[in-house]
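Undergrad: As input, take entry24.txt (compact mmCIF, C-alpha atoms):
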```txt
# COMPACT_ATOMS: atom_id res chain seq x y z
CA MET A 9 -3.18 -2.85 -0.38
CA LYS A 10 -1.97 -4.84 -3.34
CA LEU A 11 1.44 -6.35 -3.68
CA LEU A 12 3.06 -6.18 -7.11
CA ARG A 13 6.17 -8.18 -7.79
CA THR A 14 7.43 -8.11 -11.34
CA SER A 15 10.31 -10.52 -11.71
CA GLY A 16 12.18 -9.65 -14.87
CA ASP A 17 11.11 -5.99 -14.83
CA ASP A 18 13.99 -4.14 -13.22
CA GLN A 19 12.43 -0.74 -13.84
CA ALA A 20 9.24 -1.70 -12.01
CA ALA A 21 11.26 -3.22 -9.20
CA GLY A 22 13.27 -0.04 -8.84
CA VAL A 23 10.46 2.48 -9.12
CA LEU A 24 7.87 0.72 -7.00
CA ARG A 25 10.01 -0.76 -4.25
CA HIS A 26 8.58 -0.15 -0.80
CA ALA A 27 10.98 0.98 1.94
CA GLY A 28 11.67 -1.45 4.74
CA CYS A 29 9.38 -4.19 3.47
CA ARG A 30 11.62 -5.50 0.67
CA ARG A 31 8.64 -5.64 -1.65
CA LEU A 32 6.74 -3.75 -4.32
CA ARG A 33 3.39 -2.36 -3.31
CA LEU A 34 0.12 -1.13 -4.74
CA MET A 35 -2.88 -0.27 -2.73
CA LEU A 36 -6.02 -1.69 -1.13
CA GLY A 37 -8.07 0.60 1.11
CA CYS A 38 -7.94 0.60 4.89
CA PHE A 39 -9.62 3.39 6.87
CA LEU A 40 -7.83 3.76 10.18
CA THR A 41 -9.20 6.99 11.64
CA LEU A 42 -11.33 6.57 14.76
CA LEU A 43 -10.05 3.04 15.12
CA PRO A 44 -12.25 1.26 17.69
CA GLY A 45 -10.24 0.58 20.81
CA ALA A 46 -7.33 2.69 19.62
CA LEU A 47 -4.88 4.02 22.17
CA THR A 48 -5.94 7.66 22.05
CA GLY A 49 -4.93 10.63 24.13
CA GLN A 50 -1.27 9.64 24.19
CA ASP A 51 1.70 11.83 23.36
CA TYR A 52 3.46 10.52 20.24
CA ALA A 53 6.38 12.86 20.78
CA HIS A 54 8.73 10.87 18.55
CA PHE A 55 6.25 10.30 15.72
CA GLN A 56 7.28 13.16 13.47
CA LEU A 57 5.97 12.36 10.03
CA THR A 58 5.34 15.10 7.48
CA LEU A 59 3.58 14.74 4.14
CA ASP A 60 4.57 17.44 1.65
CA VAL A 61 1.55 17.64 -0.66
CA ASN A 62 2.07 18.75 -4.26
CA THR A 63 -1.20 19.18 -6.20
CA SER A 64 0.23 21.05 -9.19
CA SER A 65 -0.18 18.22 -11.73
CA ALA A 66 -3.78 17.63 -10.68
CA GLU A 67 -4.67 21.33 -10.75
CA HIS A 68 -3.24 21.89 -14.22
CA THR A 69 -4.66 18.63 -15.58
CA LEU A 70 -8.14 19.70 -14.44
CA GLU A 71 -7.67 22.95 -16.34
CA ILE A 72 -6.81 20.89 -19.41
CA TYR A 73 -9.94 18.75 -18.94
CA GLN A 74 -12.07 21.90 -18.84
CA GLY A 75 -10.50 23.22 -22.03
CA LEU A 76 -9.11 26.19 -20.15
CA SER A 77 -5.72 27.79 -20.53
CA GLY A 78 -2.77 25.50 -20.04
CA ARG A 79 -0.16 23.86 -22.21
CA PRO A 80 -0.21 20.04 -22.30
CA ALA A 81 3.57 20.03 -22.71
CA ASP A 82 4.00 21.90 -19.42
CA VAL A 83 1.60 19.58 -17.57
CA ALA A 84 3.30 16.49 -18.97
CA ALA A 85 6.68 17.72 -17.72
CA GLU A 86 5.62 18.11 -14.06
CA ARG A 87 7.03 15.68 -11.51
CA GLY A 88 3.65 14.28 -10.50
CA SER A 89 2.76 13.73 -14.14
CA GLN A 90 6.08 12.05 -14.82
CA LEU A 91 5.58 9.65 -11.91
CA SER A 92 2.12 8.70 -13.15
CA LEU A 93 3.52 8.27 -16.66
CA ALA A 94 6.26 5.91 -15.46
CA ILE A 95 3.93 3.69 -13.42
CA THR A 96 1.27 3.62 -16.14
CA GLY A 97 3.84 2.38 -18.64
CA ILE A 98 5.02 -0.34 -16.26
CA LEU A 99 1.52 -1.58 -15.49
CA ALA A 100 0.40 -1.40 -19.11
CA GLN A 101 3.59 -3.22 -20.12
CA ARG A 102 4.30 -0.83 -22.94
CA HIS A 103 6.69 1.98 -23.74
CA LEU A 104 5.15 5.34 -22.87
CA ASP A 105 7.17 8.53 -23.10
CA THR A 106 6.51 12.19 -22.39
CA GLN A 107 5.36 12.76 -25.97
CA ALA A 108 2.67 10.08 -25.55
CA LEU A 109 1.45 11.78 -22.37
CA GLN A 110 1.46 15.18 -24.05
CA GLN A 111 -0.61 13.85 -26.95
CA ALA A 112 -3.12 12.31 -24.53
CA LEU A 113 -3.45 15.62 -22.70
CA GLU A 114 -3.96 17.48 -25.97
CA ALA A 115 -6.69 15.04 -26.96
CA ALA A 116 -8.34 15.47 -23.56
CA LYS A 117 -8.24 19.24 -23.85
CA PHE A 118 -10.26 19.17 -27.06
CA ASN A 119 -12.40 16.18 -25.98
CA GLN A 120 -10.97 13.93 -28.67
CA ARG A 121 -10.61 10.18 -28.39
CA GLU A 122 -7.01 9.02 -27.97
CA GLY A 123 -6.46 5.38 -28.90
CA ASP A 124 -7.05 2.98 -26.00
CA ASP A 125 -6.89 5.84 -23.47
CA VAL A 126 -4.17 4.15 -21.42
CA PHE A 127 -4.12 7.11 -19.00
CA GLN A 128 -7.91 6.92 -18.48
CA MET A 129 -8.35 10.60 -19.30
CA GLN A 130 -11.70 10.29 -21.04
CA SER A 131 -13.34 8.99 -17.89
CA ALA A 132 -11.54 11.58 -15.77
CA ARG A 133 -12.63 14.40 -18.05
CA ALA A 134 -16.24 13.23 -17.77
CA HIS A 135 -16.00 13.58 -13.96
CA VAL A 136 -14.06 16.82 -13.84
CA GLY A 137 -16.61 18.46 -11.50
CA ALA A 138 -16.26 15.67 -8.96
CA LEU A 139 -12.48 15.83 -9.28
CA LYS A 140 -12.47 19.57 -8.58
CA ASP A 141 -14.67 19.11 -5.52
CA LEU A 142 -12.47 16.34 -4.15
CA LEU A 143 -9.29 18.33 -4.68
CA PHE A 144 -10.89 21.29 -2.90
CA GLU A 145 -11.79 19.09 0.08
CA LEU A 146 -8.23 17.76 0.29
CA ARG A 147 -7.07 21.33 0.86
CA ARG A 148 -9.94 22.49 3.05
CA ARG A 149 -9.90 19.51 5.41
CA ASN A 150 -6.12 19.28 5.83
CA PHE A 151 -5.91 15.86 4.27
CA ALA A 152 -2.25 15.21 5.06
CA GLN A 153 -2.62 15.90 8.78
CA LYS A 154 -5.69 13.66 8.99
CA VAL A 155 -3.71 10.83 7.42
CA ILE A 156 -0.87 11.28 9.90
CA GLY A 157 -3.25 11.38 12.86
CA THR A 158 -4.86 8.22 11.59
CA VAL A 159 -1.60 6.33 11.25
CA GLU A 160 0.25 7.32 14.41
CA GLN A 161 -2.27 5.64 16.71
CA LEU A 162 -1.23 2.27 15.31
CA PHE A 163 2.30 2.55 16.65
CA PRO A 164 3.79 2.19 20.13
CA VAL A 165 3.67 5.51 21.94
CA ASP A 166 7.49 5.67 22.00
CA ALA A 167 7.87 4.76 18.32
CA ARG A 168 10.54 6.80 16.57
CA VAL A 169 9.33 7.76 13.12
CA GLN A 170 10.92 10.85 11.63
CA ALA A 171 10.41 11.42 7.92
CA ARG A 172 9.23 13.89 5.30
CA ILE A 173 7.46 12.19 2.43
CA PRO A 174 6.54 14.04 -0.76
CA MET A 175 2.98 13.28 -1.88
CA TYR A 176 2.03 14.09 -5.47
CA VAL A 177 -1.63 14.36 -6.45
CA VAL A 178 -2.44 13.60 -10.10
CA ALA A 179 -5.65 13.28 -12.13
CA PHE A 180 -4.83 10.45 -14.55
CA GLY A 181 -3.19 7.06 -14.52
CA HIS A 182 -3.57 3.33 -15.01
CA ASN A 183 -7.05 1.98 -14.36
CA ASN A 184 -5.91 -0.57 -11.74
CA ILE A 185 -4.28 1.76 -9.27
CA ASP A 186 -5.37 4.61 -7.05
CA ALA A 187 -2.31 5.34 -4.92
CA TYR A 188 1.13 3.90 -4.38
CA VAL A 189 4.47 4.34 -2.66
CA VAL A 190 7.61 4.60 -4.76
CA ARG A 191 11.32 5.13 -4.22
CA VAL A 192 12.91 7.39 -6.82
CA ARG A 193 15.72 9.79 -7.40
CA TRP A 194 15.28 12.70 -9.77
CA GLU A 195 17.18 13.82 -12.84
CA GLY A 196 15.55 17.17 -13.36
CA ASN A 197 11.84 16.29 -13.33
CA VAL A 198 12.36 12.73 -14.57
CA PRO A 199 12.03 9.94 -11.98
CA VAL A 200 14.79 7.33 -12.04
CA PRO A 201 14.48 3.94 -10.34
CA ALA A 202 16.11 3.83 -6.91
CA GLY A 203 17.24 0.90 -4.83
CA GLU A 204 15.63 -0.19 -1.59
CA ASN A 205 17.62 2.14 0.65
CA GLU A 206 18.22 4.82 -1.95
CA GLY A 207 16.31 7.68 -3.45
CA GLU A 208 13.32 9.45 -1.99
CA LEU A 209 10.28 7.71 -0.56
CA THR A 210 7.31 9.23 -2.41
CA ILE A 211 3.52 8.78 -2.47
CA VAL A 212 1.38 9.33 -5.58
CA ILE A 213 -2.42 9.71 -5.46
CA ASN A 214 -4.63 9.40 -8.53
CA LEU A 215 -7.79 11.46 -7.95
CA ALA A 216 -9.36 10.11 -11.13
CA LYS A 217 -9.58 6.69 -9.50
CA ALA A 218 -10.68 8.09 -6.16
CA VAL A 219 -13.91 9.56 -7.59
CA THR A 220 -15.21 5.99 -7.93
CA TYR A 221 -15.23 5.50 -4.13
CA GLY A 222 -18.79 6.73 -3.59
CA GLU A 223 -21.61 8.98 -4.71
CA SER A 224 -20.69 12.01 -2.60
CA THR A 225 -17.55 14.07 -2.15
CA ASP A 226 -17.50 13.13 1.53
CA GLU A 227 -17.56 9.41 0.71
CA ARG A 228 -14.77 9.92 -1.78
CA PHE A 229 -12.72 11.91 0.70
CA ILE A 230 -13.03 9.16 3.31
CA GLY A 231 -12.23 6.49 0.74
CA LEU A 232 -9.13 8.35 -0.35
CA LEU A 233 -8.11 8.89 3.25
CA SER A 234 -8.44 5.16 3.80
CA VAL A 235 -6.16 4.07 1.00
CA VAL A 236 -3.56 6.75 1.63
CA ALA A 237 -3.51 6.05 5.37
CA HIS A 238 -2.96 2.39 4.58
CA GLU A 239 0.01 3.21 2.40
CA VAL A 240 1.43 5.77 4.79
CA PHE A 241 1.19 3.12 7.52
CA HIS A 242 3.48 0.89 5.50
CA ALA A 243 5.87 3.75 4.80
CA ALA A 244 5.95 4.72 8.48
CA TYR A 245 6.41 1.11 9.48
CA GLY A 246 9.43 0.90 7.20
CA VAL A 247 10.96 3.99 8.85
CA PHE A 248 10.12 2.62 12.29
CA LYS A 249 11.91 -0.65 11.57
CA GLU A 250 15.04 1.20 10.52
CA ASN A 251 15.30 2.56 14.07
CA VAL A 252 14.75 -0.76 15.86
CA PRO A 253 17.94 -2.86 16.16
CA GLU A 254 15.93 -6.06 16.57
CA TRP A 255 14.39 -5.57 13.14
CA GLN A 256 17.68 -4.71 11.48
CA THR A 257 19.38 -7.75 12.99
CA TYR A 258 16.52 -9.90 11.82
CA TYR A 259 16.64 -8.61 8.24
CA SER A 260 20.41 -9.11 8.05
CA SER A 261 20.13 -12.80 8.85
CA HIS A 262 16.67 -13.80 7.54
CA THR A 263 16.79 -13.43 3.78
CA SER A 264 15.09 -16.57 2.47
CA ALA A 265 11.85 -16.69 0.51
CA PHE A 266 10.18 -18.31 3.52
CA ASP A 267 11.30 -15.37 5.69
CA GLU A 268 9.87 -12.99 3.12
CA LEU A 269 6.53 -14.79 3.24
CA LEU A 270 6.42 -14.38 7.01
CA ASP A 271 7.36 -10.71 6.75
CA LEU A 272 4.75 -10.04 4.09
CA SER A 273 2.07 -11.83 6.09
CA GLN A 274 2.70 -9.86 9.26
CA ASN A 275 2.96 -6.47 7.54
CA GLU A 276 0.01 -6.90 5.21
CA GLY A 277 -2.00 -8.92 7.71
CA ILE A 278 -2.05 -6.12 10.29
CA ALA A 279 -3.09 -3.65 7.60
CA TYR A 280 -5.80 -6.01 6.31
CA TYR A 281 -7.15 -6.44 9.82
CA LEU A 282 -7.32 -2.70 10.37
CA SER A 283 -9.34 -2.47 7.18
CA LEU A 284 -11.63 -5.22 8.45
CA ILE A 285 -12.21 -3.26 11.66
CA GLN A 286 -13.40 -0.26 9.72
CA ARG A 287 -15.68 -2.24 7.43
CA THR A 288 -17.25 -4.60 9.94
CA GLY A 289 -15.85 -3.85 13.39
CA GLY A 290 -13.58 -6.86 13.00
CA ARG A 291 -16.33 -9.37 12.20
CA LEU A 292 -15.77 -11.92 9.46
CA PRO A 293 -18.50 -12.72 6.93
CA GLY A 294 -20.57 -15.86 7.34
CA ASP A 295 -18.12 -17.96 5.37
CA GLY A 296 -15.07 -16.08 6.68
CA LEU A 297 -13.61 -18.84 8.85
CA GLN A 298 -13.99 -21.37 6.06
CA ARG A 299 -12.25 -19.08 3.61
CA ALA A 300 -9.59 -18.25 6.18
CA GLN A 301 -8.90 -21.95 6.65
CA GLU A 302 -8.48 -22.27 2.88
CA ALA A 303 -5.96 -19.42 3.01
CA PHE A 304 -4.08 -21.12 5.85
CA THR A 305 -4.01 -24.39 3.91
CA ARG A 306 -2.56 -22.58 0.92
CA PHE A 307 -0.11 -20.73 3.17
CA ASN A 308 1.10 -24.00 4.70
CA GLY A 309 1.61 -25.56 1.28
CA VAL A 310 3.46 -22.55 -0.07
CA ALA A 311 5.66 -22.39 3.04
CA ALA A 312 6.70 -26.01 2.48
CA GLU A 313 7.45 -25.32 -1.17
CA LEU A 314 9.50 -22.20 -0.36
CA LEU A 315 11.54 -24.25 2.09
CA SER A 316 12.43 -26.80 -0.57
CA PRO A 317 16.08 -26.50 -1.67
CA SER A 318 15.09 -27.30 -5.24
CA ILE A 319 12.68 -24.38 -5.73
CA SER A 320 13.69 -21.93 -8.46
CA SER A 321 13.93 -18.20 -7.82
CA GLY A 322 11.24 -17.59 -10.45
CA ARG A 323 8.82 -19.98 -8.79
CA ALA A 324 9.50 -18.43 -5.38
CA ALA A 325 8.84 -14.96 -6.79
CA ASP A 326 5.54 -16.13 -8.30
CA LEU A 327 4.41 -17.64 -5.00
CA LEU A 328 5.28 -14.52 -3.05
CA ARG A 329 3.51 -12.32 -5.57
CA ALA A 330 0.39 -14.48 -5.33
CA ALA A 331 0.47 -14.20 -1.54
CA ASN A 332 -0.89 -10.67 -1.87
CA THR A 333 -2.12 -10.21 -5.46
CA SER A 334 -4.65 -12.96 -5.97
CA GLY A 335 -7.90 -11.30 -4.99
CA TYR A 336 -8.91 -10.56 -1.41
CA TRP A 337 -9.51 -14.02 0.06
CA GLU A 338 -7.10 -15.70 -2.34
CA SER A 339 -4.17 -13.59 -1.10
CA TYR A 340 -3.16 -16.29 1.34
CA GLY A 341 -0.27 -14.44 2.94
CA SER A 342 -2.31 -11.34 3.73
CA ILE A 343 -5.35 -13.31 4.92
CA THR A 344 -3.25 -15.55 7.15
CA GLY A 345 -1.67 -12.47 8.71
CA MET A 346 -5.06 -10.80 9.07
CA ILE A 347 -6.50 -13.75 10.99
CA ILE A 348 -3.44 -13.83 13.26
CA ALA A 349 -3.72 -10.08 13.93
CA ARG A 350 -7.45 -10.41 14.58
CA GLN A 351 -6.96 -13.23 17.06
CA ILE A 352 -4.22 -11.39 18.93
CA ASP A 353 -6.40 -8.29 19.14
CA GLN A 354 -9.55 -10.10 20.25
CA THR A 355 -7.81 -12.42 22.71
CA ARG A 356 -4.85 -10.44 24.02
CA GLY A 357 -6.15 -6.90 23.45
CA ARG A 358 -5.30 -3.91 21.28
CA ALA A 359 -2.13 -3.11 23.20
CA ALA A 360 -0.79 -6.56 22.33
CA LEU A 361 -1.46 -5.95 18.64
CA VAL A 362 0.30 -2.59 18.75
CA GLU A 363 3.20 -4.25 20.58
CA ALA A 364 3.44 -6.81 17.78
CA LEU A 365 4.69 -4.06 15.49
CA ARG A 366 7.90 -3.88 17.52
CA HIS A 367 9.00 -7.42 16.79
CA PRO A 368 9.89 -9.45 13.67
CA PRO A 369 7.54 -12.15 12.33
CA PRO A 370 8.55 -15.09 14.55
CA GLY A 371 7.05 -13.40 17.61
CA PHE A 372 3.86 -12.57 15.75
CA PHE A 373 3.43 -16.15 14.56
CA LYS A 374 4.46 -17.75 17.87
CA THR A 375 1.80 -15.75 19.70
CA TYR A 376 -0.80 -17.15 17.34
CA ILE A 377 0.53 -20.69 17.77
CA GLU A 378 -0.06 -20.36 21.52
CA LEU A 379 -3.61 -19.17 20.89
CA MET A 380 -4.15 -21.89 18.29
CA ARG A 381 -3.18 -24.58 20.80
CA ARG A 382 -5.80 -23.27 23.23
CA ASP A 383 -8.55 -23.17 20.59
CA ASN A 384 -8.61 -26.00 18.08
CA GLY A 385 -11.31 -24.20 16.13
CA LEU A 386 -8.86 -21.65 14.79
CA PRO A 387 -7.35 -22.04 11.33
CA ALA A 388 -4.14 -23.95 11.87
CA LEU A 389 -0.52 -23.50 10.91
CA ASN A 390 0.97 -26.88 10.16
CA GLY A 391 3.90 -28.68 11.76
CA THR A 392 6.38 -27.54 9.12
CA VAL A 393 5.74 -23.87 9.82
CA ILE A 394 5.71 -24.39 13.57
CA ARG A 395 9.05 -26.25 13.51
CA MET A 396 10.67 -23.50 11.45
CA LEU A 397 9.59 -20.93 14.04
CA GLN A 398 11.13 -22.75 17.01
```
Turn the structure described in the file into structure tokens.
TA:
Amino acid sequence: MKLLRTSGDDQAAGVLRHAGCRRLRLMLGCFLTLLPGALTGQDYAHFQLTLDVNTSSAEHTLEIYQGLSGRPADVAAERGSQLSLAITGILAQRHLDTQALQQALEAAKFNQREGDDVFQMQSARAHVGALKDLLFELRRRNFAQKVIGTVEQLFPVDARVQARIPMYVVAFGHNNIDAYVVRVRWEGNVPVPAGENEGELTIVINLAKAVTYGESTDERFIGLLSVVAHEVFHAAYGVFKENVPEWQTYYSSHTSAFDELLDLSQNEGIAYYLSLIQRTGGRLPGDGLQRAQEAFTRFNGVAAELLSPSISSGRAADLLRAANTSGYWESYGSITGMIIARQIDQTRGRAALVEALRHPPPGFFKTYIELMRRDNGLPALNGTVIRMLQ
């Protein structure tokens, strides 16, 4: 999953803010179903998460792409379409209104070229058959329930997660994004930015991006399941934290940029590691430890800078954004957290990793420090970080 932090863009900060993680999030895939070593066969009686899937925008957009009946103005006005419009404008850093979306849909209906195609409709229209097949599979294979089943096994068996999350499926959007979590409130069908603990937690899926995941519909379905499960994990984790007094006490008293780096690294690191499990069974590439050490070195340097009393808020925001938006291995916060999660899992066992979700970052990092002291071959946290965690 990608982290997007846009200092100076209040609309982006409001629309894209992720619940419970105090950050803005975009997505990197992580397939969690059939997690090796997962704690299966348990009764997650308190894990009551529901995804309310709305495919109306995608269905009607596909009709537009096929030149069938359908009014572009009606499609542009749908809630899913409006969400995709808002995020596309933010990411493209330009003003886009409903009229612009309607014109793009009209051009797509008649297979006409529309400027720079900011909504990526020309490519989507060219793959309309694949889009239809993927949308059909989402319905046939009970996509939402598969996502929930994938995510719940990551949590303690007594985890209390009760939430209904709307999930809108669309068939156009910015080229850099396939799915995302947003917090919004609605004025009619127009999304309005909501604060961190306000509005409605909502997931948006762009099928037009998902058709690039593989050559077959099955590959694309699994790829889409992976990225949505990753994002739902973060949403569920946010809800889980709201019901754990230890987390709420921690957040009320740990508000510095350094604290945010730790929080980001734990949250994203666990998700990154779960993705690594699915891709390689948890194995790092040949140069993985070397690249991990580079990430730790960068993490240590950034931690020291964030702890400096003279650092500006703008500089701190830039460093935190880079911790998870700088390419896979360059995202030093996420990679540091991934290595910590991996070491806990491989040394202490899967139950210990699941248990780590219960506790704020200091416990997560202290466990690794103990393991690091036993094995001097592990990438190292420096003295500054260790002292701050005492």
Undergrad: In Å, with one decimal, what is the gap from atom CA of Pro80 of chain A to atom CA of Val126 of chain A?
TA: 16.4 Å
Undergrad: Choose the residue, out of A:Pro370, A:Ala81, A:Val252, A:Gly357, that has the smallest atom-to-atom separation from Asp267 of chain A; count all atoms listed in the file.
TA: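 Once distances to Asp267 of chain A are computed over all atoms listed in the file, the minimum belongs to A:Pro370.
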Undergrad: Counting only C-alpha atoms, which of A:Gly75, A:Gly222, A:Gly345, A:Pro253 gets nearest to Phe373 of chain A?
TA: A:Gly345
Undergrad: Residues of segment 138-215 of chain A within 7 Å of segment 52-65 of chain A: nearest atom pair and distance (Å, one decimal) for each, counting only C-alpha atoms, sorted by chain and number, as CSV?
TA:
```
residue,atom,partner,partner_atom,distance
A:Ala152,CA,A:Leu59,CA,5.9
A:Ile156,CA,A:Leu57,CA,6.9
A:Glu160,CA,A:Phe55,CA,6.8
A:Val165,CA,A:Tyr52,CA,5.3
A:Asp166,CA,A:His54,CA,6.4
A:Ala167,CA,A:His54,CA,6.2
A:Arg168,CA,A:His54,CA,4.9
A:Val169,CA,A:Phe55,CA,4.8
A:Gln170,CA,A:Gln56,CA,4.7
A:Ala171,CA,A:Leu57,CA,5.0
A:Arg172,CA,A:Thr58,CA,4.6
A:Ile173,CA,A:Leu59,CA,4.9
A:Pro174,CA,A:Asp60,CA,4.6
A:Met175,CA,A:Val61,CA,4.7
A:Tyr176,CA,A:Asn62,CA,4.8
A:Val177,CA,A:Thr63,CA,4.8
A:Val178,CA,A:Ser65,CA,5.4
```
Undergrad: Which residue gives the smallest distance to Pro164 of chain A among A:Arg366, A:Val393, A:Leu314, A:Phe372, with all atoms listed in the file counted?
TA: A:Arg366
Undergrad: Taking (3.5, 12.3, -21.6) in the file's coordinates, which residues come within 12 Å, counting only C-alpha atoms, written as a ChimeraX atom specification?
TA: /A:69,80-97,103-115,126-127,180-181,198
Undergrad: Please save C-alpha atoms of the selected residues as a PDB file, keeping the file's coordinate frame.
TA:
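The resulting out-v4.pdb:
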```pdb
ATOM      1  CA  THR A  69      -4.660  18.630 -15.580  1.00  0.00           C
ATOM      2  CA  PRO A  80      -0.210  20.040 -22.300  1.00  0.00           C
ATOM      3  CA  ALA A  81       3.570  20.030 -22.710  1.00  0.00           C
ATOM      4  CA  ASP A  82       4.000  21.900 -19.420  1.00  0.00           C
ATOM      5  CA  VAL A  83       1.600  19.580 -17.570  1.00  0.00           C
ATOM      6  CA  ALA A  84       3.300  16.490 -18.970  1.00  0.00           C
ATOM      7  CA  ALA A  85       6.680  17.720 -17.720  1.00  0.00           C
ATOM      8  CA  GLU A  86       5.620  18.110 -14.060  1.00  0.00           C
ATOM      9  CA  ARG A  87       7.030  15.680 -11.510  1.00  0.00           C
ATOM     10  CA  GLY A  88       3.650  14.280 -10.500  1.00  0.00           C
ATOM     11  CA  SER A  89       2.760  13.730 -14.140  1.00  0.00           C
ATOM     12  CA  GLN A  90       6.080  12.050 -14.820  1.00  0.00           C
ATOM     13  CA  LEU A  91       5.580   9.650 -11.910  1.00  0.00           C
ATOM     14  CA  SER A  92       2.120   8.700 -13.150  1.00  0.00           C
ATOM     15  CA  LEU A  93       3.520   8.270 -16.660  1.00  0.00           C
ATOM     16  CA  ALA A  94       6.260   5.910 -15.460  1.00  0.00           C
ATOM     17  CA  ILE A  95       3.930   3.690 -13.420  1.00  0.00           C
ATOM     18  CA  THR A  96       1.270   3.620 -16.140  1.00  0.00           C
ATOM     19  CA  GLY A  97       3.840   2.380 -18.640  1.00  0.00           C
ATOM     20  CA  HIS A 103       6.690   1.980 -23.740  1.00  0.00           C
ATOM     21  CA  LEU A 104       5.150   5.340 -22.870  1.00  0.00           C
ATOM     22  CA  ASP A 105       7.170   8.530 -23.100  1.00  0.00           C
ATOM     23  CA  THR A 106       6.510  12.190 -22.390  1.00  0.00           C
ATOM     24  CA  GLN A 107       5.360  12.760 -25.970  1.00  0.00           C
ATOM     25  CA  ALA A 108       2.670  10.080 -25.550  1.00  0.00           C
ATOM     26  CA  LEU A 109       1.450  11.780 -22.370  1.00  0.00           C
ATOM     27  CA  GLN A 110       1.460  15.180 -24.050  1.00  0.00           C
ATOM     28  CA  GLN A 111      -0.610  13.850 -26.950  1.00  0.00           C
ATOM     29  CA  ALA A 112      -3.120  12.310 -24.530  1.00  0.00           C
ATOM     30  CA  LEU A 113      -3.450  15.620 -22.700  1.00  0.00           C
ATOM     31  CA  GLU A 114      -3.960  17.480 -25.970  1.00  0.00           C
ATOM     32  CA  ALA A 115      -6.690  15.040 -26.960  1.00  0.00           C
ATOM     33  CA  VAL A 126      -4.170   4.150 -21.420  1.00  0.00           C
ATOM     34  CA  PHE A 127      -4.120   7.110 -19.000  1.00  0.00           C
ATOM     35  CA  PHE A 180      -4.830  10.450 -14.550  1.00  0.00           C
ATOM     36  CA  GLY A 181      -3.190   7.060 -14.520  1.00  0.00           C
ATOM     37  CA  VAL A 198      12.360  12.730 -14.570  1.00  0.00           C
TER      38      VAL A 198
END
```
Undergrad: Which residue out of A:Phe163, A:Phe144, A:Tyr73, A:Phe241 has the minimum interatomic distance to Ala360 of chain A when only C-alpha atoms are used?
TA: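 Nearest candidate to Ala360 of chain A out of A:Phe163, A:Phe144, A:Tyr73, A:Phe241: A:Phe163.
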Undergrad: So, counting all atoms listed in the file, which residue among A:Leu282, A:Leu143, A:Leu292, A:Ala243 is closest to Ile213 of chain A?
TA: A:Leu143
Undergrad: Would you compute the distance between atom CA of Asn183 of chain A and atom CA of Val212 of chain A? Give it in Å to one decimal.
TA: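 Taking atom CA of Asn183 of chain A as the start and atom CA of Val212 of chain A as the end point, the length is 14.2 Å.
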Undergrad: Counting all atoms listed in the file, figure out which residue out of A:Asn390, A:Gln161, A:Thr333, A:Asn119 gets nearest to Phe304 of chain A.
TA: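 Nearest candidate to Phe304 of chain A out of A:Asn390, A:Gln161, A:Thr333, A:Asn119: A:Asn390.
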Undergrad: Expressed in Å to a single decimal, how great is the separation between atom CA of Ala179 of chain A and atom CA of Asn214 of chain A?
TA: 5.4 Å
Undergrad: Could you add whatever atoms are missing so that segment 354-364 of chain A carries N, CA and C atoms, then write the result as a PDB file, in the frame of the given file?
TA:
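File part32.pdb, as written:
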```
ATOM      1  N   GLN A 354      -8.326  -9.713  19.553  1.00  0.00           N
ATOM      2  CA  GLN A 354      -9.550 -10.100  20.250  1.00  0.00           C
ATOM      3  C   GLN A 354      -9.281 -10.944  21.488  1.00  0.00           C
ATOM      4  N   THR A 355      -8.122 -11.586  21.545  1.00  0.00           N
ATOM      5  CA  THR A 355      -7.810 -12.420  22.710  1.00  0.00           C
ATOM      6  C   THR A 355      -6.875 -11.726  23.680  1.00  0.00           C
ATOM      7  N   ARG A 356      -5.851 -11.078  23.162  1.00  0.00           N
ATOM      8  CA  ARG A 356      -4.850 -10.440  24.020  1.00  0.00           C
ATOM      9  C   ARG A 356      -5.100  -8.936  24.213  1.00  0.00           C
ATOM     10  N   GLY A 357      -5.865  -8.323  23.321  1.00  0.00           N
ATOM     11  CA  GLY A 357      -6.150  -6.900  23.450  1.00  0.00           C
ATOM     12  C   GLY A 357      -5.386  -6.046  22.464  1.00  0.00           C
ATOM     13  N   ARG A 358      -5.890  -4.809  22.267  1.00  0.00           N
ATOM     14  CA  ARG A 358      -5.300  -3.910  21.280  1.00  0.00           C
ATOM     15  C   ARG A 358      -3.852  -3.579  21.586  1.00  0.00           C
ATOM     16  N   ALA A 359      -3.517  -3.427  22.862  1.00  0.00           N
ATOM     17  CA  ALA A 359      -2.130  -3.110  23.200  1.00  0.00           C
ATOM     18  C   ALA A 359      -1.183  -4.205  22.727  1.00  0.00           C
ATOM     19  N   ALA A 360      -1.630  -5.452  22.781  1.00  0.00           N
ATOM     20  CA  ALA A 360      -0.790  -6.560  22.330  1.00  0.00           C
ATOM     21  C   ALA A 360      -0.578  -6.503  20.824  1.00  0.00           C
ATOM     22  N   LEU A 361      -1.610  -6.076  20.093  1.00  0.00           N
ATOM     23  CA  LEU A 361      -1.460  -5.950  18.640  1.00  0.00           C
ATOM     24  C   LEU A 361      -0.494  -4.822  18.300  1.00  0.00           C
ATOM     25  N   VAL A 362      -0.625  -3.702  18.978  1.00  0.00           N
ATOM     26  CA  VAL A 362       0.300  -2.590  18.750  1.00  0.00           C
ATOM     27  C   VAL A 362       1.726  -3.020  19.088  1.00  0.00           C
ATOM     28  N   GLU A 363       1.874  -3.762  20.175  1.00  0.00           N
ATOM     29  CA  GLU A 363       3.200  -4.250  20.580  1.00  0.00           C
ATOM     30  C   GLU A 363       3.800  -5.164  19.528  1.00  0.00           C
ATOM     31  N   ALA A 364       2.952  -5.881  18.800  1.00  0.00           N
ATOM     32  CA  ALA A 364       3.440  -6.810  17.780  1.00  0.00           C
ATOM     33  C   ALA A 364       4.228  -6.094  16.695  1.00  0.00           C
TER      34      ALA A 364
END
```
